[in-house]
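Structure file model.cif (mmCIF, C-alpha atoms) follows.
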data_final
loop_
_atom_site.label_atom_id
_atom_site.label_comp_id
_atom_site.auth_asym_id
_atom_site.auth_seq_id
_atom_site.Cartn_x
_atom_site.Cartn_y
_atom_site.Cartn_z
CA MET A 1 50.23 161.18 132.22
CA GLU A 2 46.72 160.32 131.16
CA HIS A 3 45.57 160.77 127.61
CA THR A 4 42.03 160.43 126.51
CA SER A 5 40.84 159.68 123.03
CA GLN A 6 39.50 163.23 122.66
CA GLU A 7 42.96 164.82 122.89
CA HIS A 8 44.67 162.96 120.06
CA PRO A 9 43.85 161.82 116.56
CA GLU A 10 42.85 158.21 116.28
CA HIS A 11 45.40 155.66 115.16
CA ASN A 12 44.17 152.68 113.22
CA GLU A 13 45.43 149.10 113.40
CA ALA A 14 48.53 150.02 111.36
CA GLY A 15 49.38 152.78 113.84
CA SER A 16 48.57 155.52 111.35
CA SER A 17 46.57 158.75 111.47
CA HIS A 18 46.24 161.56 108.87
CA ILE A 19 46.24 159.38 105.74
CA THR A 20 46.75 161.35 102.50
CA PRO A 21 44.45 160.05 99.72
CA TRP A 22 46.40 158.21 96.98
CA THR A 23 44.87 160.51 94.34
CA VAL A 24 47.12 163.29 95.71
CA TYR A 25 50.15 161.11 94.91
CA ALA A 26 48.79 160.45 91.41
CA ILE A 27 48.42 164.19 90.73
CA VAL A 28 51.95 164.90 92.04
CA PHE A 29 53.30 162.04 89.87
CA VAL A 30 51.73 163.53 86.72
CA VAL A 31 53.09 167.00 87.60
CA LEU A 32 56.57 165.51 88.12
CA LEU A 33 56.43 163.83 84.69
CA VAL A 34 55.30 167.09 83.04
CA LEU A 35 58.15 168.97 84.76
CA MET A 36 60.63 166.33 83.60
CA GLY A 37 59.32 166.83 80.04
CA ALA A 38 59.72 170.60 80.51
CA THR A 39 63.34 170.13 81.62
CA VAL A 40 64.12 168.06 78.52
CA ALA A 41 62.28 170.49 76.20
CA ALA A 42 64.07 173.51 77.71
CA SER A 43 67.45 171.87 77.11
CA PHE A 44 66.85 172.10 73.32
CA ILE A 45 66.34 175.88 73.46
CA ASP A 46 69.36 178.17 73.74
CA LEU A 47 68.71 180.49 76.69
CA GLY A 48 72.38 181.25 77.44
CA PRO A 49 72.96 181.14 81.21
CA GLY A 50 69.17 180.78 81.59
CA ASN A 51 69.44 177.08 80.65
CA ASN A 52 71.28 176.20 83.86
CA ILE A 53 69.06 178.39 86.02
CA LEU A 54 65.87 176.95 84.51
CA ALA A 55 67.04 173.31 84.76
CA MET A 56 68.10 173.70 88.41
CA GLY A 57 64.98 175.75 89.22
CA ILE A 58 62.71 172.97 87.90
CA ALA A 59 64.81 170.33 89.73
CA ILE A 60 64.50 172.22 93.03
CA PHE A 61 60.74 172.56 92.48
CA LYS A 62 60.45 168.82 91.73
CA ALA A 63 62.46 168.00 94.86
CA ALA A 64 60.17 170.28 96.88
CA LEU A 65 57.10 168.44 95.52
CA VAL A 66 58.63 165.06 96.45
CA VAL A 67 59.55 166.26 99.96
CA THR A 68 56.17 167.95 100.57
CA PHE A 69 53.84 165.27 99.23
CA PHE A 70 55.61 161.91 98.72
CA MET A 71 57.65 162.30 101.92
CA GLN A 72 54.61 163.81 103.66
CA VAL A 73 56.53 166.67 105.24
CA GLY A 74 53.69 169.01 104.22
CA GLY A 75 51.23 167.50 106.71
CA SER A 76 53.77 166.60 109.39
CA SER A 77 54.64 168.09 112.79
CA ARG A 78 56.72 171.26 113.13
CA LEU A 79 59.66 169.28 114.49
CA THR A 80 59.70 167.10 111.36
CA LYS A 81 59.56 170.21 109.14
CA VAL A 82 62.53 171.74 110.99
CA TRP A 83 64.51 168.50 110.62
CA ALA A 84 63.74 168.20 106.92
CA ALA A 85 64.68 171.85 106.33
CA LEU A 86 67.92 171.42 108.31
CA GLY A 87 69.42 169.05 105.76
CA PHE A 88 69.04 171.62 103.02
CA ILE A 89 70.27 174.44 105.26
CA TRP A 90 73.49 172.50 105.95
CA LEU A 91 73.75 171.89 102.21
CA ALA A 92 73.52 175.65 101.65
CA PHE A 93 76.40 176.14 104.11
CA LEU A 94 78.42 173.54 102.21
CA PHE A 95 77.81 175.37 98.93
CA GLY A 96 78.83 178.58 100.72
CA THR A 97 82.42 177.40 100.26
CA LEU A 98 81.91 178.26 96.58
CA GLY A 99 82.39 181.86 97.70
CA ASP A 100 86.11 181.06 97.62
CA TYR A 101 86.27 179.36 94.23
CA LEU A 102 83.99 181.80 92.45
CA THR A 103 85.77 184.92 93.68
CA ARG A 104 89.41 183.88 93.15
CA ASN A 105 89.59 185.73 89.85
CA TRP A 106 88.46 188.93 91.55
CA LEU A 107 91.87 189.16 93.17
CA LYS A 108 93.49 189.54 89.76
CA VAL A 109 91.19 192.46 89.02
CA LEU A 110 91.49 194.16 92.40
CA HIS A 111 95.23 193.54 92.82
CA PRO A 112 96.86 193.21 89.38
CA GLY A 113 100.04 191.16 89.60
CA TRP A 114 99.08 189.61 92.95
CA MET B 1 42.84 156.01 120.03
CA SER B 2 39.98 153.85 118.94
CA ALA B 3 38.35 151.49 121.37
CA GLU B 4 38.76 148.32 119.29
CA VAL B 5 42.55 148.57 118.97
CA ALA B 6 43.30 149.94 122.45
CA GLU B 7 44.11 147.44 125.15
CA GLU B 8 44.16 147.70 128.91
CA HIS B 9 47.74 147.80 130.06
CA GLY B 10 47.74 147.05 133.77
CA HIS B 11 48.69 150.53 134.92
CA GLY B 12 45.52 152.45 134.55
CA HIS B 13 45.43 153.61 130.96
CA ALA B 14 44.88 152.03 127.58
CA HIS B 15 47.67 151.80 124.98
CA HIS B 16 47.62 151.26 121.27
CA PRO B 17 48.94 147.69 120.78
CA LEU B 18 51.82 148.96 118.59
CA GLN B 19 52.93 151.57 121.12
CA CYS B 20 56.23 151.00 122.91
CA HIS B 21 56.59 151.76 126.63
CA GLN B 22 58.97 154.70 126.36
CA PHE B 23 56.51 156.83 124.38
CA GLU B 24 53.70 158.98 125.71
CA ASP B 25 51.40 158.15 122.82
CA MET B 26 51.34 157.03 119.20
CA ASP B 27 51.79 160.57 117.87
CA GLN B 28 55.06 160.92 119.77
CA GLN B 29 56.21 157.47 118.69
CA ASN B 30 55.46 158.12 115.01
CA GLU B 31 57.18 161.52 115.13
CA THR B 32 60.25 159.95 116.77
CA TYR B 33 60.58 157.44 113.92
CA ILE B 34 60.18 160.12 111.26
CA VAL B 35 62.59 162.62 112.86
CA GLY B 36 65.12 159.80 113.34
CA MET B 37 64.87 158.87 109.66
CA TRP B 38 65.23 162.51 108.62
CA SER B 39 68.38 162.76 110.78
CA PHE B 40 69.84 159.95 108.68
CA LEU B 41 68.65 161.65 105.48
CA VAL B 42 70.41 164.88 106.56
CA THR B 43 73.70 162.94 106.62
CA GLU B 44 72.82 161.50 103.21
CA ILE B 45 72.13 164.98 101.83
CA MET B 46 75.59 166.05 103.03
CA PHE B 47 77.17 162.86 101.63
CA PHE B 48 75.82 163.51 98.13
CA GLY B 49 76.13 167.28 98.65
CA ALA B 50 79.92 167.05 98.78
CA MET B 51 79.93 165.36 95.37
CA PHE B 52 77.54 167.92 93.91
CA LEU B 53 79.86 170.64 95.24
CA ALA B 54 82.88 168.97 93.60
CA TYR B 55 80.86 168.80 90.37
CA THR B 56 79.96 172.51 90.59
CA ILE B 57 83.56 173.60 91.17
CA TYR B 58 84.97 171.40 88.43
CA ARG B 59 82.31 172.36 85.89
CA ASN B 60 82.76 176.05 86.69
CA GLU B 61 86.48 175.75 85.99
CA ASN B 62 86.23 173.53 82.90
CA PRO B 63 82.90 174.25 81.15
CA ALA B 64 84.19 173.06 77.76
CA VAL B 65 84.97 169.57 79.10
CA PHE B 66 81.44 169.13 80.42
CA ILE B 67 79.82 170.33 77.20
CA GLN B 68 81.94 168.12 74.97
CA ALA B 69 82.09 164.93 77.04
CA GLY B 70 78.48 165.23 78.23
CA HIS B 71 76.99 165.77 74.77
CA LEU B 72 79.17 163.33 72.86
CA TYR B 73 79.36 160.41 75.24
CA LEU B 74 76.48 160.27 77.73
CA LEU B 75 73.42 158.36 76.51
CA LYS B 76 70.55 160.83 76.82
CA VAL B 77 67.64 158.57 75.87
CA PRO B 78 68.45 155.86 78.47
CA GLY B 79 69.03 158.67 80.99
CA GLY B 80 65.55 160.04 80.25
CA ILE B 81 63.97 156.58 80.43
CA ASN B 82 65.60 156.05 83.82
CA THR B 83 64.20 159.36 85.08
CA VAL B 84 60.67 158.23 84.15
CA ILE B 85 61.29 154.81 85.75
CA LEU B 86 62.51 156.35 89.00
CA LEU B 87 59.66 158.90 89.20
CA THR B 88 57.22 156.02 88.63
CA SER B 89 58.87 153.97 91.38
CA SER B 90 58.56 156.92 93.77
CA PHE B 91 54.83 157.08 92.97
CA THR B 92 54.33 153.32 93.50
CA MET B 93 56.28 153.61 96.79
CA ALA B 94 54.03 156.46 97.96
CA VAL B 95 50.94 154.38 97.11
CA GLY B 96 52.57 151.41 98.91
CA VAL B 97 52.93 153.54 102.06
CA TYR B 98 49.29 154.62 101.62
CA HIS B 99 48.17 150.98 101.62
CA ALA B 100 50.45 150.27 104.60
CA GLN B 101 48.65 153.07 106.46
CA LYS B 102 45.33 151.54 105.44
CA ALA B 103 46.56 148.03 106.44
CA ASN B 104 45.72 146.64 102.98
CA ARG B 105 48.11 143.69 102.96
CA ILE B 106 47.78 142.49 99.34
CA LEU B 107 47.95 145.98 97.82
CA GLN B 108 50.99 146.79 99.97
CA VAL B 109 52.79 143.75 98.55
CA VAL B 110 51.71 144.68 95.01
CA PHE B 111 52.96 148.27 95.19
CA LEU B 112 56.18 147.44 97.05
CA SER B 113 56.89 144.77 94.41
CA LEU B 114 56.20 147.27 91.61
CA THR B 115 58.71 149.63 93.24
CA VAL B 116 61.35 146.88 93.37
CA LEU B 117 60.58 146.02 89.73
CA CYS B 118 61.14 149.66 88.70
CA ALA B 119 64.41 149.67 90.66
CA PHE B 120 65.62 146.59 88.74
CA GLY B 121 64.55 148.28 85.49
CA PHE B 122 66.60 151.34 86.44
CA LEU B 123 69.69 149.21 87.13
CA GLY B 124 69.17 147.33 83.85
CA VAL B 125 69.16 150.54 81.83
CA LYS B 126 72.17 151.78 83.82
CA ALA B 127 74.00 148.54 83.03
CA VAL B 128 73.46 149.15 79.29
CA GLU B 129 74.84 152.69 79.69
CA TRP B 130 77.88 151.57 81.65
CA TYR B 131 78.55 148.72 79.22
CA THR B 132 78.61 151.23 76.37
CA GLU B 133 80.76 153.72 78.26
CA ILE B 134 83.18 151.28 79.87
CA GLY B 135 83.24 148.28 77.54
CA LEU B 136 82.90 149.95 74.14
CA GLU B 137 84.25 153.47 74.61
CA HIS B 138 86.87 152.90 77.35
CA HIS B 139 85.75 155.88 79.40
CA LEU B 140 86.30 154.32 82.83
CA PRO B 141 88.99 156.46 84.50
CA GLY B 142 92.20 154.50 84.95
CA PRO B 143 95.05 153.07 82.86
CA GLY B 144 92.66 151.96 80.09
CA PHE B 145 91.06 155.38 79.68
CA GLN B 146 90.77 156.60 76.08
CA TYR B 147 89.36 159.90 74.88
CA LYS B 148 89.52 161.09 71.29
CA VAL B 149 87.03 163.36 69.59
CA THR B 150 86.97 163.71 65.80
CA PRO B 151 85.78 166.91 64.06
CA GLU B 152 82.92 164.88 62.51
CA GLU B 153 81.67 163.90 65.97
CA MET B 154 81.89 167.50 67.10
CA LYS B 155 79.82 168.66 64.12
CA GLU B 156 77.23 165.93 64.56
CA HIS B 157 76.65 166.44 68.31
CA LEU B 158 77.44 170.08 68.93
CA GLY B 159 77.35 171.90 65.57
CA THR B 160 80.90 173.20 65.16
CA ASP B 161 79.86 176.47 63.54
CA THR B 162 78.39 177.69 66.83
CA LEU B 163 81.21 176.30 68.96
CA PRO B 164 83.84 178.44 70.72
CA ALA B 165 87.38 177.49 69.68
CA ALA B 166 88.32 176.50 73.26
CA GLN B 167 85.96 173.53 73.14
CA ALA B 168 87.66 172.00 70.14
CA SER B 169 90.67 170.92 72.20
CA VAL B 170 89.73 169.16 75.42
CA PRO B 171 92.69 167.26 76.93
CA ALA B 172 92.05 163.61 77.84
CA SER B 173 93.17 164.20 81.45
CA LYS B 174 90.40 166.74 82.01
CA ALA B 175 87.84 164.52 80.29
CA GLN B 176 88.96 161.74 82.64
CA LEU B 177 88.03 163.88 85.65
CA PHE B 178 84.58 164.44 84.13
CA PHE B 179 84.10 160.68 83.88
CA CYS B 180 85.43 160.27 87.45
CA LEU B 181 82.60 162.51 88.66
CA TYR B 182 80.07 160.80 86.40
CA PHE B 183 80.91 157.27 87.54
CA ALA B 184 81.33 158.24 91.21
CA MET B 185 78.00 160.10 91.40
CA THR B 186 75.85 157.72 89.34
CA GLY B 187 77.68 154.77 90.97
CA LEU B 188 76.96 156.00 94.50
CA HIS B 189 73.36 156.56 93.43
CA ALA B 190 73.18 153.03 91.98
CA ILE B 191 74.49 151.60 95.29
CA HIS B 192 71.59 153.39 97.00
CA VAL B 193 69.17 151.86 94.47
CA ILE B 194 70.56 148.38 95.26
CA ILE B 195 70.19 148.98 99.02
CA GLY B 196 66.63 150.20 98.33
CA ILE B 197 65.84 146.95 96.49
CA LEU B 198 67.08 144.95 99.50
CA ILE B 199 65.08 147.00 102.03
CA ILE B 200 61.83 147.30 100.06
CA GLY B 201 62.06 143.68 98.85
CA THR B 202 62.56 142.42 102.41
CA LEU B 203 59.60 144.48 103.63
CA ALA B 204 57.39 143.17 100.79
CA ILE B 205 58.22 139.60 101.85
CA MET B 206 57.60 140.42 105.52
CA VAL B 207 54.21 141.95 104.73
CA ALA B 208 53.29 139.02 102.49
CA ARG B 209 54.18 136.54 105.27
CA ARG B 210 52.28 138.57 107.91
CA HIS B 211 55.40 139.28 109.94
CA PRO B 212 54.36 141.01 113.19
CA ALA B 213 56.86 143.88 112.69
CA ALA B 214 55.24 144.70 109.35
CA LYS B 215 51.81 145.25 110.92
CA TYR B 216 52.98 148.73 111.86
CA TYR B 217 53.07 151.03 108.81
CA MET B 218 56.20 152.81 110.04
CA PRO B 219 58.91 150.48 108.60
CA ILE B 220 57.34 150.95 105.16
CA GLU B 221 57.09 154.71 105.71
CA MET B 222 60.85 154.74 106.59
CA ALA B 223 61.72 152.78 103.45
CA GLY B 224 59.54 155.23 101.51
CA LEU B 225 61.43 158.25 102.88
CA TYR B 226 64.72 156.61 101.85
CA TRP B 227 63.43 155.75 98.38
CA HIS B 228 62.08 159.26 97.74
CA PHE B 229 65.49 160.63 98.74
CA VAL B 230 67.12 158.37 96.13
CA ASP B 231 64.61 159.77 93.62
CA ILE B 232 65.49 163.37 94.56
CA VAL B 233 69.21 162.70 93.97
CA TRP B 234 68.43 161.47 90.45
CA ILE B 235 66.16 164.50 89.81
CA PHE B 236 69.37 166.57 90.09
CA LEU B 237 71.79 164.10 88.47
CA PHE B 238 69.73 163.84 85.28
CA PRO B 239 69.86 167.50 84.15
CA LEU B 240 73.39 168.00 85.53
CA PHE B 241 74.95 165.20 83.49
CA TYR B 242 72.63 164.45 80.58
CA LEU B 243 71.22 167.90 79.73
CA ILE B 244 74.28 170.18 79.91
CA PRO B 245 73.61 173.34 77.85
CA LYS B 246 75.73 173.47 74.67
CA LYS B 247 77.06 176.92 75.48
CA GLY B 248 77.80 176.25 79.15
#
When written as structure tokens, how does the structure in this file appear?
Amino acid sequence: MEHTSQEHPEHNEAGSSHITPWTVYAIVFVVLLVLMGATVAASFIDLGPGNNILAMGIAIFKAALVVTFFMQVGGSSRLTKVWAALGFIWLAFLFGTLGDYLTRNWLKVLHPGW
Amino acid sequence: MSAEVAEEHGHGHAHHPLQCHQFEDMDQQNETYIVGMWSFLVTEIMFFGAMFLAYTIYRNENPAVFIQAGHLYLLKVPGGINTVILLTSSFTMAVGVYHAQKANRILQVVFLSLTVLCAFGFLGVKAVEWYTEIGLEHHLPGPGFQYKVTPEEMKEHLGTDTLPAAQASVPASKAQLFFCLYFAMTGLHAIHVIIGILIIGTLAIMVARRHPAAKYYMPIEMAGLYWHFVDIVWIFLFPLFYLIPKKG
């Protein structure tokens, strides 16, 4: 199959195209540090169950920033995006087994003496 | 593909010099590398995921153990310092990949070396933590495991007036399981940091010595993907072990 230079983005001597400017990484880095500070600060405030939700929410957001920008999934092909998402989908299935552990006590309520 | 890097190939069309025969073009080749690396990372996510699941189940069943052992015996300041070190190393790695894409040899070596330096710093801080926990406090699970909490320690770290009565009596066997999870998860993470040092260090030397394989930015991109994954694992480990809420 013939490909001409008009059909595809140019690749430089390192074999790369679509280069993200390093300033984007610097901004993401600063945001990650601020979010880390927010996680630490939030741990000193008593929010009840909100503490866990907030800490994990910030961690998931930080991970999403790292995947999108540092790992360049944001500007990548659809196939790459599907592959990157797959890992976390399988992880969600794995955590689905918690449905057993977290509902065991329900039996005692629904069927007293079971 | 640009005219100055394309070369005539003997069968009618020009190839990029870094392109291998089995690929249609450089886009397909680059995507193949990246999807292949992500396939590996999916297995890594599941590898660590199983441990995070074990952590979730055990913490859900024994919240008092995690509050007491986590607040009294994990070193929060070194844990925080290590988070900053690892985030910084992820940034220097990303900039290293940027310079690999730009084919800036010297800056690649500089930023890859900075990443390795951060990784050594991380392990150094971790060594101080483990020395305190294993050598001084005997918290390594096994025959030498010791766990005793005095009321004074409870008051100092947790404020006993706000503490539910159940947390006052944590059996040593349950605390031992907490430390099992702590050492297994941070230990597995540390093994990944050591492997990262070997990979990124080797690549830095290859780039510095103008190794032909390091002309292509892709090996450095792959190492970057691995290193950012190691960073993501720590992003979750830090709040889960060092910042456990005092009321569960």
Evaluate the PyMOL selection byres ((chain B and resi 101) around 10) and report residues as a PDB file with C-alpha atoms, in the coordinates of the input:
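Ended up saving to expr.pdb:
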ATOM      1  CA  HIS A  11      45.400 155.660 115.160  1.00  0.00           C
ATOM      2  CA  ASN A  12      44.170 152.680 113.220  1.00  0.00           C
ATOM      3  CA  GLU A  13      45.430 149.100 113.400  1.00  0.00           C
ATOM      4  CA  ALA A  14      48.530 150.020 111.360  1.00  0.00           C
ATOM      5  CA  GLY A  15      49.380 152.780 113.840  1.00  0.00           C
ATOM      6  CA  SER A  16      48.570 155.520 111.350  1.00  0.00           C
ATOM      7  CA  SER A  17      46.570 158.750 111.470  1.00  0.00           C
ATOM      8  CA  HIS A  18      46.240 161.560 108.870  1.00  0.00           C
ATOM      9  CA  ILE A  19      46.240 159.380 105.740  1.00  0.00           C
ATOM     10  CA  THR A  20      46.750 161.350 102.500  1.00  0.00           C
TER      11      THR A  20
ATOM     12  CA  VAL B  95      50.940 154.380  97.110  1.00  0.00           C
ATOM     13  CA  GLY B  96      52.570 151.410  98.910  1.00  0.00           C
ATOM     14  CA  VAL B  97      52.930 153.540 102.060  1.00  0.00           C
ATOM     15  CA  TYR B  98      49.290 154.620 101.620  1.00  0.00           C
ATOM     16  CA  HIS B  99      48.170 150.980 101.620  1.00  0.00           C
ATOM     17  CA  ALA B 100      50.450 150.270 104.600  1.00  0.00           C
ATOM     18  CA  LYS B 102      45.330 151.540 105.440  1.00  0.00           C
ATOM     19  CA  ALA B 103      46.560 148.030 106.440  1.00  0.00           C
ATOM     20  CA  ASN B 104      45.720 146.640 102.980  1.00  0.00           C
ATOM     21  CA  GLN B 108      50.990 146.790  99.970  1.00  0.00           C
ATOM     22  CA  LYS B 215      51.810 145.250 110.920  1.00  0.00           C
ATOM     23  CA  TYR B 216      52.980 148.730 111.860  1.00  0.00           C
ATOM     24  CA  TYR B 217      53.070 151.030 108.810  1.00  0.00           C
ATOM     25  CA  MET B 218      56.200 152.810 110.040  1.00  0.00           C
ATOM     26  CA  ILE B 220      57.340 150.950 105.160  1.00  0.00           C
ATOM     27  CA  GLU B 221      57.090 154.710 105.710  1.00  0.00           C
TER      28      GLU B 221
END
Expand the PyMOL selection byres ((chain A) within 7 of (chain B)) into the explicit residue set it covers here, and present it as a PyMOL selection string. chain A and resi 2+5+9-11+13-16+19+22+25+29+43+48+51+55+59+63+66+70-71+80+83-84+87+91+95
Check the smallest atom-to-atom distance from each of A:Leu94, A:Leu54, A:Leu86, A:Val24 to Gln72 (chain A) using all atoms listed in the file, then report the winner.
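Using all atoms listed in the file, Gln72 (chain A) sits closest to A:Val24.
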Explicit residues for the PyMOL selection byres ((chain B and resi 69) around 10) (as a list in words):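 Checked against the file, the PyMOL selection byres ((chain B and resi 69) around 10) matches Ala64, Val65, Phe66, Ile67, Gln68, Gly70, His71, Leu72, Tyr73, Leu74, Tyr147, Val149, Val170, Lys174, Ala175, Gln176, Phe178, Phe179, Phe241 and Ile244 of chain B.
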Grab the residues selected above and save them as a PDB file, in the frame of the given file with C-alpha atoms.
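Contents of out06.pdb, freshly written:
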ATOM      1  CA  ALA B  64      84.190 173.060  77.760  1.00  0.00           C
ATOM      2  CA  VAL B  65      84.970 169.570  79.100  1.00  0.00           C
ATOM      3  CA  PHE B  66      81.440 169.130  80.420  1.00  0.00           C
ATOM      4  CA  ILE B  67      79.820 170.330  77.200  1.00  0.00           C
ATOM      5  CA  GLN B  68      81.940 168.120  74.970  1.00  0.00           C
ATOM      6  CA  GLY B  70      78.480 165.230  78.230  1.00  0.00           C
ATOM      7  CA  HIS B  71      76.990 165.770  74.770  1.00  0.00           C
ATOM      8  CA  LEU B  72      79.170 163.330  72.860  1.00  0.00           C
ATOM      9  CA  TYR B  73      79.360 160.410  75.240  1.00  0.00           C
ATOM     10  CA  LEU B  74      76.480 160.270  77.730  1.00  0.00           C
ATOM     11  CA  TYR B 147      89.360 159.900  74.880  1.00  0.00           C
ATOM     12  CA  VAL B 149      87.030 163.360  69.590  1.00  0.00           C
ATOM     13  CA  VAL B 170      89.730 169.160  75.420  1.00  0.00           C
ATOM     14  CA  LYS B 174      90.400 166.740  82.010  1.00  0.00           C
ATOM     15  CA  ALA B 175      87.840 164.520  80.290  1.00  0.00           C
ATOM     16  CA  GLN B 176      88.960 161.740  82.640  1.00  0.00           C
ATOM     17  CA  PHE B 178      84.580 164.440  84.130  1.00  0.00           C
ATOM     18  CA  PHE B 179      84.100 160.680  83.880  1.00  0.00           C
ATOM     19  CA  PHE B 241      74.950 165.200  83.490  1.00  0.00           C
ATOM     20  CA  ILE B 244      74.280 170.180  79.910  1.00  0.00           C
TER      21      ILE B 244
END
Could you work out how far CA of Tyr55 (chain B) lies from CA of Tyr101 (chain A), giving the answer in Å with one decimal?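 Here the two named atoms are 12.5 Å from each other.
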Between CA of Ile106 (chain B) and CA of Val207 (chain B), what distance in Å does the model show, to one decimal?
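Straight-line distance from CA of Ile106 (chain B) to CA of Val207 (chain B) works out to 8.4 Å.
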Atom pair CA of Phe61 (chain A) / CA of Val30 (chain A): separation (Å):
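Interatomic distance, CA of Phe61 (chain A) to CA of Val30 (chain A): 14.0 Å.
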Task: Local residues around (70.3, 150.7, 89.9), at most 9 Å away, using all atoms listed in the file, as a PyMOL selection string - done: chain B and resi 119-127+186-187+189-194+197
**Asked** Using only C-alpha atoms, what residues lie at most 6 Å away from (86.7, 158.1, 87.2) (file coordinates), given as a VMD selection string?
**Response** chain B and resid 140 to 141 179 to 180 183
